[in-house]
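Visitor: Next comes query25.cif, mmCIF, C-alpha atoms and all ligand atoms:
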data_data
loop_
_atom_site.label_atom_id
_atom_site.label_comp_id
_atom_site.auth_asym_id
_atom_site.auth_seq_id
_atom_site.Cartn_x
_atom_site.Cartn_y
_atom_site.Cartn_z
CA MET M 123 96.42 92.10 96.04
CA GLY M 124 96.15 89.54 93.23
CA VAL M 125 96.43 91.03 89.77
CA TYR M 126 95.13 88.93 86.89
CA SER M 127 94.99 89.37 83.15
CA ASN M 128 92.35 88.23 80.72
CA SER M 129 94.85 85.90 79.01
CA LYS M 130 95.80 84.30 82.34
CA LEU M 131 92.16 83.49 83.06
CA LYS M 132 91.52 82.32 79.49
CA THR M 133 94.57 80.02 79.68
CA PHE M 134 93.16 78.45 82.86
CA GLU M 135 89.83 77.87 81.14
CA GLN M 136 91.47 76.46 78.00
CA CYS M 137 93.94 74.05 79.62
CA LYS M 138 94.93 73.84 83.26
CA PHE M 139 98.18 72.08 82.38
CA LYS M 140 99.20 74.95 80.13
CA TYR M 141 98.28 77.36 82.94
CA LYS M 142 100.56 75.47 85.31
CA LEU M 143 103.47 75.50 82.85
CA ARG M 144 103.14 79.20 82.16
CA TYR M 145 102.05 80.79 85.44
CA ILE M 146 103.15 78.39 88.19
CA ASP M 147 106.26 76.69 86.80
CA LYS M 148 107.06 79.86 84.80
CA ILE M 149 108.54 77.86 81.93
CA ILE M 150 109.59 80.07 79.06
CA PRO M 151 108.96 78.13 75.86
CA GLU M 152 111.65 77.85 73.19
CA ILE M 153 109.14 78.69 70.49
CA GLU M 154 107.75 82.01 71.52
CA LYS M 155 105.47 83.17 68.76
CA SER M 156 103.17 81.95 66.00
CA ILE M 157 103.07 83.71 62.63
CA GLU M 158 99.48 84.72 63.42
CA ALA M 159 100.65 86.45 66.62
CA HIS M 160 103.48 88.13 64.69
CA LEU M 161 101.03 89.41 62.08
CA GLY M 162 98.74 90.71 64.84
CA THR M 163 101.61 92.52 66.59
CA CYS M 164 102.75 94.27 63.38
CA VAL M 165 99.24 95.34 62.37
CA HIS M 166 98.61 96.70 65.88
CA LEU M 167 101.91 98.63 65.77
CA ALA M 168 101.03 100.18 62.39
CA LEU M 169 97.57 101.26 63.59
CA GLU M 170 99.00 102.65 66.82
CA TRP M 171 101.48 104.67 64.75
CA LEU M 172 98.68 105.93 62.50
CA TYR M 173 96.65 107.33 65.40
CA SER M 174 99.66 108.61 67.38
CA THR M 175 100.72 110.57 64.27
CA ILE M 176 97.26 112.14 64.14
CA GLN M 177 97.48 113.00 67.86
CA GLU M 178 100.89 114.62 67.37
CA THR M 179 100.34 116.45 64.08
CA GLY M 180 96.57 116.75 63.70
CA ASN M 181 96.85 115.11 60.27
CA ALA M 182 96.45 111.54 59.11
CA PRO M 183 99.55 110.02 57.50
CA GLU M 184 99.37 108.63 53.97
CA LEU M 185 98.42 104.99 53.51
CA ASP M 186 101.88 104.29 52.03
CA ASP M 187 103.48 105.47 55.28
CA VAL M 188 101.25 103.17 57.33
CA ILE M 189 102.29 100.24 55.10
CA THR M 190 105.97 101.23 55.46
CA THR M 191 105.61 101.28 59.26
CA TYR M 192 104.02 97.83 59.11
CA SER M 193 106.79 96.47 56.84
CA LYS M 194 109.53 97.79 59.14
CA ALA M 195 107.84 96.26 62.18
CA TRP M 196 107.52 92.95 60.31
CA VAL M 197 111.26 92.80 59.63
CA LYS M 198 112.28 94.08 63.07
CA GLU M 199 110.03 91.70 65.03
CA TYR M 200 110.59 88.64 62.80
CA SER M 201 112.62 85.70 64.09
CA ASP M 202 113.38 82.23 62.76
CA SER M 203 111.67 80.69 65.78
CA ILE M 204 108.26 81.91 64.61
CA ILE M 205 106.10 78.92 63.73
CA ILE M 206 103.84 78.50 60.70
CA THR M 207 101.31 75.81 61.50
CA LYS M 208 99.48 75.96 58.16
CA LYS M 209 102.08 74.31 55.97
CA TRP M 210 100.43 75.51 52.75
CA MET M 211 101.03 79.14 53.81
CA SER M 212 104.32 81.05 53.61
CA ALA M 213 105.54 83.99 55.71
CA ALA M 214 105.05 86.19 52.62
CA ASP M 215 101.37 85.13 52.44
CA TYR M 216 100.87 86.32 56.03
CA PHE M 217 102.78 89.53 55.37
CA ASN M 218 100.47 90.29 52.40
CA LYS M 219 97.40 89.59 54.50
CA GLY M 220 98.50 92.31 56.90
CA ILE M 221 98.85 94.79 54.04
CA LYS M 222 95.32 93.98 52.87
CA TYR M 223 93.94 94.45 56.40
CA LEU M 224 95.57 97.87 56.66
CA ILE M 225 94.42 99.04 53.21
CA ASP M 226 90.83 98.01 53.96
CA TYR M 227 90.91 99.62 57.40
CA TYR M 228 92.43 102.83 56.11
CA GLU M 229 89.92 103.23 53.29
CA SER M 230 86.95 102.43 55.55
CA ASN M 231 87.94 104.72 58.43
CA LYS M 232 89.68 107.74 56.92
CA PRO M 233 89.90 110.61 57.85
CA PHE M 234 90.02 109.13 61.40
CA GLN M 235 88.29 112.05 63.14
CA ASP M 236 86.63 110.17 65.99
CA ASN M 237 88.49 111.87 68.87
CA THR M 238 90.90 109.15 69.94
CA ILE M 239 92.10 110.03 73.46
CA ALA M 240 94.43 107.13 74.29
CA LEU M 241 96.35 104.30 72.60
CA GLU M 242 97.49 101.04 74.17
CA LYS M 243 96.01 102.34 77.40
CA GLU M 244 96.79 100.28 80.48
CA ILE M 245 93.82 99.88 82.78
CA LEU M 246 93.12 98.18 86.09
CA VAL M 247 89.69 96.77 86.79
CA ASP M 248 88.85 96.68 90.50
CA LEU M 249 87.07 93.36 90.97
CA SER M 250 87.23 93.30 94.79
CA ASP M 251 89.45 94.60 97.61
CA GLU M 252 91.85 91.74 96.89
CA HIS M 253 91.65 91.31 93.14
CA GLN M 254 92.30 93.42 90.08
CA LEU M 255 92.42 92.66 86.39
CA ARG M 256 95.05 94.42 84.30
CA GLY M 257 94.59 95.01 80.58
CA PHE M 258 95.41 97.18 77.62
CA ILE M 259 92.90 98.96 75.42
CA ASP M 260 94.02 99.20 71.79
CA ARG M 261 92.30 102.56 71.31
CA LEU M 262 90.04 104.67 73.53
CA VAL M 263 87.69 107.23 71.98
CA TYR M 264 85.56 109.91 73.58
CA ASP M 265 82.58 110.73 71.37
CA LYS M 266 81.86 114.34 72.39
CA GLU M 267 78.59 114.56 70.49
CA ASN M 268 77.04 111.62 72.31
CA ASP M 269 79.05 112.00 75.54
CA GLU M 270 80.12 108.38 75.20
CA TYR M 271 83.37 106.44 75.63
CA GLU M 272 84.31 103.79 73.08
CA ILE M 273 86.75 100.91 73.51
CA HIS M 274 88.20 99.80 70.16
CA ASP M 275 89.85 96.42 69.73
CA TYR M 276 91.58 95.08 66.60
CA LYS M 277 91.27 91.42 65.71
CA THR M 278 93.36 89.73 63.03
CA SER M 279 91.82 86.29 63.50
CA GLU M 280 90.47 84.59 60.39
CA THR M 281 87.57 83.03 62.22
CA ALA M 282 84.28 84.68 61.37
CA PRO M 283 82.80 86.05 64.60
CA SER M 284 79.28 84.99 65.50
CA GLU M 285 76.99 87.25 67.53
CA GLU M 286 77.03 84.64 70.26
CA THR M 287 80.85 84.74 70.41
CA ILE M 288 80.81 88.51 70.73
CA GLU M 289 78.10 88.44 73.38
CA LYS M 290 80.23 86.02 75.39
CA ASP M 291 83.43 88.06 75.07
CA THR M 292 84.34 89.19 78.57
CA GLN M 293 87.52 91.17 77.94
CA LEU M 294 86.16 94.47 76.64
CA ALA M 295 83.16 94.32 78.96
CA LEU M 296 85.51 94.10 81.95
CA TYR M 297 87.58 96.96 80.57
CA SER M 298 84.43 99.04 80.28
CA LEU M 299 84.02 98.72 84.07
CA ALA M 300 87.43 100.35 84.50
CA ILE M 301 86.57 103.16 82.05
CA LYS M 302 83.33 103.93 83.88
CA ASP M 303 85.25 104.12 87.19
CA LEU M 304 88.16 106.10 85.78
CA PHE M 305 86.04 108.81 84.17
CA LYS M 306 83.22 108.67 86.75
CA HIS M 307 80.91 108.15 83.81
CA ASP M 308 77.66 106.30 84.26
CA LYS M 309 76.61 106.01 80.61
CA GLN M 310 77.13 102.69 78.86
CA VAL M 311 80.50 102.26 77.19
CA LYS M 312 80.47 101.30 73.54
CA MET M 313 82.67 98.33 72.67
CA VAL M 314 83.86 98.14 69.06
CA TRP M 315 85.60 95.11 67.59
CA HIS M 316 87.37 95.61 64.27
CA PHE M 317 87.63 92.24 62.54
CA LEU M 318 90.29 93.24 60.07
CA SER M 319 90.32 90.12 57.92
CA PHE M 320 86.60 90.66 57.18
CA ASN M 321 86.79 94.48 57.15
CA LYS M 322 83.89 94.34 59.57
CA GLU M 323 83.02 96.18 62.79
CA ILE M 324 80.79 94.86 65.53
CA GLU M 325 79.51 97.14 68.29
CA LEU M 326 77.93 96.23 71.60
CA LYS M 327 77.01 97.83 74.93
CA LYS M 328 76.42 96.16 78.27
CA THR M 329 74.01 97.27 80.99
CA ASN M 330 75.17 97.83 84.58
CA GLU M 331 73.32 94.63 85.55
CA GLN M 332 75.18 92.60 82.91
CA LEU M 333 78.49 94.08 84.07
CA ALA M 334 77.73 93.25 87.72
CA LEU M 335 77.05 89.61 86.75
CA LEU M 336 80.26 89.49 84.73
CA LYS M 337 82.26 90.90 87.62
CA GLN M 338 80.86 88.21 89.93
CA SER M 339 81.53 85.36 87.45
CA THR M 340 85.10 86.61 87.01
CA LEU M 341 85.60 86.59 90.77
CA ASP M 342 84.15 83.05 90.89
CA LEU M 343 86.66 81.97 88.24
CA ILE M 344 89.55 83.56 90.18
CA ASN M 345 88.35 81.73 93.27
CA GLU M 346 88.50 78.45 91.29
CA VAL M 347 92.01 79.32 90.03
CA GLU M 348 93.24 79.97 93.55
CA SER M 349 91.75 76.79 94.99
CA THR M 350 92.82 74.44 92.18
CA LEU M 351 95.38 71.79 93.12
CA GLU M 352 95.30 69.60 90.01
CA PHE M 353 96.14 70.74 86.50
CA PRO M 354 95.13 68.12 83.90
CA PRO M 355 95.71 68.81 80.18
CA THR M 356 92.85 69.52 77.81
CA ILE M 357 93.47 68.47 74.22
CA SER M 358 91.69 70.66 71.71
CA ALA M 359 92.21 72.28 68.32
CA LEU M 360 93.93 75.11 70.21
CA CYS M 361 96.84 72.75 71.00
CA ASN M 362 98.08 73.42 67.44
CA TRP M 363 98.90 76.97 68.52
CA CYS M 364 100.17 76.06 71.99
CA GLU M 365 103.76 77.09 72.58
CA TYR M 366 104.20 74.23 75.08
CA LYS M 367 103.16 71.37 72.80
CA GLU M 368 106.75 70.18 72.28
CA ILE M 369 107.10 69.54 76.02
CA CYS M 370 103.51 68.42 76.59
CA PRO M 371 103.22 64.63 77.09
CA ALA M 372 99.48 64.81 76.45
CA TRP M 373 99.91 66.42 73.05
CA LYS M 374 102.64 63.97 72.07
CA GLU M 375 100.53 60.99 72.98
CA SER M 376 97.48 62.47 71.31
CA ASN M 377 99.47 62.92 68.10
CA LEU M 378 100.74 59.36 68.24
CA ASN M 379 97.15 58.22 68.50
CA GLY M 380 95.97 60.38 65.63
CA ASN M 381 94.69 63.33 67.65
CA GLN M 382 91.89 61.39 69.26
CA SER M 383 91.06 64.22 71.62
CA ASP M 384 87.89 62.69 73.03
CA ARG M 385 89.63 59.45 73.86
CA TYR M 386 92.50 61.35 75.42
CA ASN M 387 90.35 63.59 77.56
CA LYS M 388 88.45 60.56 78.80
CA ARG M 389 91.72 59.03 79.96
CA TYR M 390 93.46 62.08 81.39
CA GLY M 391 90.60 64.40 82.19
CA GLN M 392 90.71 63.92 85.94
CA GLN M 393 94.34 62.96 86.39
CA LYS M 394 97.23 65.02 87.59
CA LEU M 395 100.32 64.78 85.35
S1 LIG G 1 99.50 71.20 73.95
FE1 LIG G 1 97.32 71.24 74.49
S2 LIG G 1 97.15 69.87 76.27
FE2 LIG G 1 99.33 70.41 76.05
S3 LIG G 1 99.64 72.17 77.36
FE3 LIG G 1 99.20 72.96 75.31
S4 LIG G 1 96.97 73.32 75.32
FE4 LIG G 1 97.42 71.95 77.05
#
I need this file expressed as structure tokens, please.
Guide:
Amino acid sequence: MGVYSNSKLKTFEQCKFKYKLRYIDKIIPEIEKSIEAHLGTCVHLALEWLYSTIQETGNAPELDDVITTYSKAWVKEYSDSIIITKKWMSAADYFNKGIKYLIDYYESNKPFQDNTIALEKEILVDLSDEHQLRGFIDRLVYDKENDEYEIHDYKTSETAPSEETIEKDTQLALYSLAIKDLFKHDKQVKMVWHFLSFNKEIELKKTNEQLALLKQSTLDLINEVESTLEFPPTISALCNWCEYKEICPAWKESNLNGNQSDRYNKRYGQQKL
């Protein structure tokens, strides 16, 4: 039984060389985390604490306590190896961003009475007899009034989401397959993305037909992963956040040549490193 994750498949689509380093060669990079990832982790931990406190006590904690939880997580999880790519930004700037995200979220969503039934829920999507996809749902809600499950996902990215981007997002749609199976529930699952830096929510539902197509395209991608023998690099803007760039010959050469990604891809696109 092959078990995949969304990030494993996304890595393959982004850059096959990076996929090889991470999942085949199993190289653990020296630089493990970007400041953006650190910010995301700490905000997620604070929101998880907020809802778990409500589950345990029936009451929402004060905003100050949520901020304190976030601050403690920031200090505990921080390490000197965290990289800041945007040289005009400091760690304190990122820390303050997280506080703003939490204040906005708290004020927009209090008193948090939406019947959250699980946090950081691990799920397995059955794609076929041989393949599963494992994932974690930030927050699962059961809306009793509408007899509807909701998958909530927090995003700390500063890129404004377009409708097209959301429509193409496969992660939550695949997770909704697992929720339908788990609860033997045929109604459409509501997917809710919380874009915290914009204090904006986007909701979407997928039909059974759309989910069936997605399941098949995911299996097709897994088939490609399992039959791939060559792993060429793909230079893109995402290289700036790649934890392997210090050991990536393609990135080094691209930098020497002034990040001429098109020229690079033309040269290395079909070659095996
Ligand atoms: S730096 Fe870019 S080309 Fe190199 S492994 Fe990372 S994503 Fe791929």
Visitor: Considering all atoms listed in the file, state which residue in the set M:Ile221, M:Leu169, M:Ala295, M:Cys370 is at the smallest distance from ligand LIG 1 (chain G).
Guide: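 Once distances to ligand LIG 1 (chain G) are computed over all atoms listed in the file, the minimum belongs to M:Cys370.
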Visitor: Counting only C-alpha atoms and all ligand atoms, which protein, DNA or RNA residues come within 12 Å of ligand LIG 1 (chain G), given as a VMD selection string?
Guide: chain M and resid 132 to 144 149 151 353 to 377 381 383 386 to 387 390 to 391 395
Visitor: With 8 Å of padding per side, what axis-aligned box (centre and edge lengths, Å, one decimal) covers all the listed atoms of stretch 279-283 of chain M? Give it as lines of an AutoDock Vina configuration file.
Guide:
center_x = 87.3
center_y = 84.7
center_z = 62.5
size_x = 25.0
size_y = 19.3
size_z = 20.2
Visitor: My list of candidates is M:Gln235, M:Ser319, M:Asn128, M:Ser339. Which is closest to M:Leu294 when distances are computed with all atoms listed in the file?
Guide: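 Checking each of M:Gln235, M:Ser319, M:Asn128, M:Ser339 against M:Leu294, counting all atoms listed in the file, the winner is M:Asn128.
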Visitor: For the point (95.2, 103.6, 53.4) in file coordinates, what residues are within 7 Å, counting all atoms listed in the file? Give the answer as a PyMOL selection string?
Guide: chain M and resi 184-186+224-225+228-229
Visitor: Find the residues near stretch 265-268 of chain M: any atom within 12 Å, counting all atoms listed in the file, skip ones fewer than 5 places away on the same chain, and give them as number ranges by chain.
Guide: M: 235-239, 273, 309-312
Visitor: Calculate how many Å separate atom CA of M:His307 from atom CA of M:Thr329, rounding to one decimal.
Guide: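 Atom-to-atom, atom CA of M:His307 and atom CA of M:Thr329 are spaced 13.2 Å apart.
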Visitor: Which residue is closest to M:Thr281? Choose from M:Leu246, M:Leu318, M:Ala195, M:Val347 and count only C-alpha atoms.
Guide: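 Looking at the shortest contact to M:Thr281, the residue is M:Leu318.
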Visitor: Between atom CA of M:Tyr264 and atom CA of M:Pro233, what is the distance in Å, rounded to a tenth?
Guide: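 So the two atoms, atom CA of M:Tyr264 and atom CA of M:Pro233, lie 16.3 Å apart.
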Visitor: Could you tell me how far atom CA of M:Glu348 sits from atom CA of M:His253, in Å to one decimal place?
Guide: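 Result for atom CA of M:His253 versus atom CA of M:Glu348: 11.5 Å, one decimal.
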Visitor: Would you please work out which residue, of M:Ile205, M:Lys219, M:Glu272, M:Leu299, is nearest to M:Arg256 when using all atoms listed in the file?
Guide: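 Among M:Ile205, M:Lys219, M:Glu272, M:Leu299, it is M:Leu299 that comes nearest to M:Arg256.
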Visitor: Which is closer to M:Glu244 than all the others in M:Tyr216, M:Tyr227, M:Tyr192, M:Tyr297, using all atoms listed in the file?
Guide: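 Using all atoms listed in the file, M:Glu244 sits closest to M:Tyr297.
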Visitor: List the spatial neighbours of M:Thr163 as a count of residues only - criterion: any atom at most 10 Å away, all atoms listed in the file, same-chain residues fewer than 3 positions off excluded.
Guide: 12
Visitor: Can you work out which one of M:Glu331, M:Asp248, M:Asp147, M:Glu270 has the shortest atom-to-atom distance to M:Ala300, counting all atoms listed in the file?
Guide: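 Ranked by minimum distance to M:Ala300, first place goes to M:Asp248.
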Visitor: Could stretch 301-316 of chain M be completed with N, CA and C atoms and written as a PDB file, keeping the file's coordinate frame, please?
Guide:
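Result written to out.pdb:
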ATOM      1  N   ILE M 301      86.768 101.843  82.689  1.00  0.00           N
ATOM      2  CA  ILE M 301      86.570 103.160  82.050  1.00  0.00           C
ATOM      3  C   ILE M 301      85.475 103.936  82.777  1.00  0.00           C
ATOM      4  N   LYS M 302      84.415 103.252  83.143  1.00  0.00           N
ATOM      5  CA  LYS M 302      83.330 103.930  83.880  1.00  0.00           C
ATOM      6  C   LYS M 302      83.841 104.476  85.204  1.00  0.00           C
ATOM      7  N   ASP M 303      84.676 103.675  85.907  1.00  0.00           N
ATOM      8  CA  ASP M 303      85.250 104.120  87.190  1.00  0.00           C
ATOM      9  C   ASP M 303      86.220 105.279  86.984  1.00  0.00           C
ATOM     10  N   LEU M 304      87.088 105.113  86.001  1.00  0.00           N
ATOM     11  CA  LEU M 304      88.160 106.100  85.780  1.00  0.00           C
ATOM     12  C   LEU M 304      87.600 107.481  85.450  1.00  0.00           C
ATOM     13  N   PHE M 305      86.583 107.517  84.610  1.00  0.00           N
ATOM     14  CA  PHE M 305      86.040 108.810  84.170  1.00  0.00           C
ATOM     15  C   PHE M 305      84.768 109.201  84.927  1.00  0.00           C
ATOM     16  N   LYS M 306      84.442 108.402  85.970  1.00  0.00           N
ATOM     17  CA  LYS M 306      83.220 108.670  86.750  1.00  0.00           C
ATOM     18  C   LYS M 306      82.049 108.936  85.799  1.00  0.00           C
ATOM     19  N   HIS M 307      81.850 107.991  84.910  1.00  0.00           N
ATOM     20  CA  HIS M 307      80.910 108.150  83.810  1.00  0.00           C
ATOM     21  C   HIS M 307      79.902 107.027  83.864  1.00  0.00           C
ATOM     22  N   ASP M 308      78.634 107.355  84.044  1.00  0.00           N
ATOM     23  CA  ASP M 308      77.660 106.300  84.260  1.00  0.00           C
ATOM     24  C   ASP M 308      77.058 105.735  82.968  1.00  0.00           C
ATOM     25  N   LYS M 309      77.209 106.489  81.868  1.00  0.00           N
ATOM     26  CA  LYS M 309      76.610 106.010  80.610  1.00  0.00           C
ATOM     27  C   LYS M 309      77.290 104.724  80.133  1.00  0.00           C
ATOM     28  N   GLN M 310      76.557 103.943  79.369  1.00  0.00           N
ATOM     29  CA  GLN M 310      77.130 102.690  78.860  1.00  0.00           C
ATOM     30  C   GLN M 310      78.306 102.986  77.940  1.00  0.00           C
ATOM     31  N   VAL M 311      79.320 102.128  78.045  1.00  0.00           N
ATOM     32  CA  VAL M 311      80.500 102.260  77.190  1.00  0.00           C
ATOM     33  C   VAL M 311      80.267 101.444  75.917  1.00  0.00           C
ATOM     34  N   LYS M 312      80.618 102.040  74.790  1.00  0.00           N
ATOM     35  CA  LYS M 312      80.470 101.300  73.540  1.00  0.00           C
ATOM     36  C   LYS M 312      81.729 100.470  73.292  1.00  0.00           C
ATOM     37  N   MET M 313      81.526  99.198  73.003  1.00  0.00           N
ATOM     38  CA  MET M 313      82.670  98.330  72.670  1.00  0.00           C
ATOM     39  C   MET M 313      82.655  98.101  71.160  1.00  0.00           C
ATOM     40  N   VAL M 314      83.800  98.278  70.526  1.00  0.00           N
ATOM     41  CA  VAL M 314      83.860  98.140  69.060  1.00  0.00           C
ATOM     42  C   VAL M 314      84.985  97.168  68.702  1.00  0.00           C
ATOM     43  N   TRP M 315      84.610  96.075  68.070  1.00  0.00           N
ATOM     44  CA  TRP M 315      85.600  95.110  67.590  1.00  0.00           C
ATOM     45  C   TRP M 315      85.809  95.327  66.097  1.00  0.00           C
ATOM     46  N   HIS M 316      87.055  95.484  65.699  1.00  0.00           N
ATOM     47  CA  HIS M 316      87.370  95.610  64.270  1.00  0.00           C
ATOM     48  C   HIS M 316      87.936  94.269  63.804  1.00  0.00           C
TER      49      HIS M 316
END
